[in-house]
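As structure tokens, the structure follows; a few thoughts come after it.
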2 protein chains.
Amino acid sequence: MLSKVRVKYIQSLGQKKSRNTEEAFIAEGPKIVDEFLTDLSVNIKHIYALKKWIDHNKSKISKIEVTEIEETDLERISQLKTPNEVLAVVSKFETIESPDLKNRITLALDTIQDPGNMGTIIRIADWFGIKNIICTPDSADIYNSKVVQATMGSLARVNIIYAELENWLKENKGIKIYAAALSGKPLNSMDKITEGILIIGNESKGIHENILTLAHEKISILRIGKAESLNAAVSAGIILSHLIKG
Amino acid sequence: MLSKVRVKYIQSLGQKKSRNTEEAFIAEGPKIVDEFLTDLSVNIKHIYALKKWIDHNKSKISKIEVTEIEETDLERISQLKTPNEVLAVVSKFETIESPDLKNRITLALDTIQDPGNMGTIIRIADWFGIKNIICTPDSADIYNSKVVQATMGSLARVNIIYAELENWLKENKGIKIYAAALSGKPLNSMDKITEGILIIGNESKGIHENILTLAHEKISILRIGKAESLNAAVSAGIILSHLIKG
């Protein structure tokens with residue numbers, strides 16, 4: 001049985017405020033925990049797992065504090081609808097606040113609020129080798145468990161900075177800024193690029209006017225049918241796949 | 001106040017079995033209901049809405065049965081976390097079981113189980129002018145409310161057929177079959193196409209072997225970073241955006 005204090009502590013990490021104070025978050029399920037175990041940059045503070053998971057991962061967890069728990073305990077601390085064998089309390093990642101943006105593509109997210117979209121975009125960034133993502137402060141918290149689950153382990157490999165986008169873009173002069181927009185230069189006619197900042201806008205409101213005006217080039221995805229818009233993560237994936245030099 | 005019987009009926013449409021018996025489903029929120037109102041092919045059976053929504057849409061709803069309800073009633077019948085002004089009970093769409101696949105691109109979904117992914121894929125299909133989607137019977141139900149919400153109104157514009165994919169593909173000889181796979185011909189080297197069936201596989205297991213073997217060409221999206229996979233809907237969007245002739 002887990003102590004009440006322990007259960008309360010883990011449950012509290014469901015709140016952004018507690019995650020900030022404790023500088024920790026929760027990752028669940030064999031897939032993500034396994035990715036984090038094999039990534040030397042990730043600091044797992046504590047693992048709570050069923051016996052079968054522990055037996056299966058003995059060789060990898062010798063240096064980590066592990067508590068064997070029952071299914072009923074896992075249900076109490078899990079944030080998933082279907083708890084999945086293992087829950088890890090993980091230290092938040094260190095952020096490089098002023099990364100080098102030369103010779104690479106950077107994503108800038110203007111108020112991506114859906115945790116699933118945020119997680120999916122981080123996974124897309126990792127797929128395309130993007131090192132840095134800038135998010136407006138009102139974007140979804142990357143340590144929200146829905147974001148963590150949607151990243152599928154990519155979270156540890158992308159440097160994510162929260163910053164006021166308008167100022168941040170103004171401070172990063174010299175890097176060309178592209179914006180995903182409903183009307184703009186057709187994606188199909190764009191040349192591949194090796195450097196730039198790509199702005200993706202909010203799910204329903206798009207990119208704020210004061211930010212859009214800073215873009216050097218607006219890019220649009222060819223629409224043939226009638227859908228009013230595309231999902232923000234899907235747009236990010238489509239644009240990156242066309243722009244990035246293989 | 002809504003009668004108990006009415007509340008029960010609407011709530012029952014949260015279940016696939018009842019949706020099948022009643023041949024009806026639920027759509028919620030001004031955006032989707034508005035799209036359905038302006039689409040002549042959609043048969044809205046009943047609208048339950050707050051006064052403010054009704055006042056705002058008077059001119060469009062003269063021929064529809066409308067019940068004015070209070071916020072508390074809407075909370076009881078809504079399937080959303082945040083109920084949104086209006087709920088419509090809508091007749092299921094008619095399906096064209098043997099559509100013409102010549103000179104067009106068709107999507108085939110092998111066990112897409114996440115309702116959000118299913119809805120997003122339908123929205124992508126509508127964006128790119130795709131008329132038909134074939135889904136395996138164990139794919140998410142397109143009338144599930146999470147699917148309906150994620151389609152953002154595109155549901156009425158795409159013909160969606162549930163069928164055993166292996167047999168269906170064998171019956172549609174003469175149309176070239178493409179499959180999204182982790183290894184295959186790089187997407188960047190593909191020519192644009194005007195006809196074909198594109199298979200997208202399950203979120204974690206990909207495409208079943210018996211179906212994959214029927215593909216004439218496997219297509220892969222260039223991976224530069226380390227993410228193990230891409231979200232199924234994102235993959236569909238990326239591949240379609242490269243293949244479809246503008």
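Here, A, B, ... name the chains of the structure tokens in the order displayed, residue numbers run from 1 inside each chain, and ligands are numbered from 1 in the same displayed order.
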### Message
With only C-alpha atoms considered, list every residue of chain B at most 7 Å from chain A, as a ChimeraX atom specification.
### Response
/B:120,123-124,126-129,154,222-227,230-231,234,237-238,241,246
### Message
I need the residues of range 72-217 of chain A that end up classed as alpha helix (DSSP H) by DSSP on the backbone, written out as a VMD selection string.
### Response
chain A and resid 72 to 77 115 to 127 145 to 151 165 to 171 209 to 212
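Straight-line separation from CA of Asp110 in chain B to CA of Val147 in chain A: 25.4 Å.
Taking CA of Glu94 in chain B as the reference point, CA of Asn172 in chain B is found at 21.2 Å.
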### Task
Would you mind writing down, as an NGL selection string, each residue of range 124-234 of chain B that DSSP on the backbone assigns to strand (DSSP E or B)?
:B and (132-135 or 159-162 or 177-186 or 193 or 196-200 or 202 or 206 or 217-220)
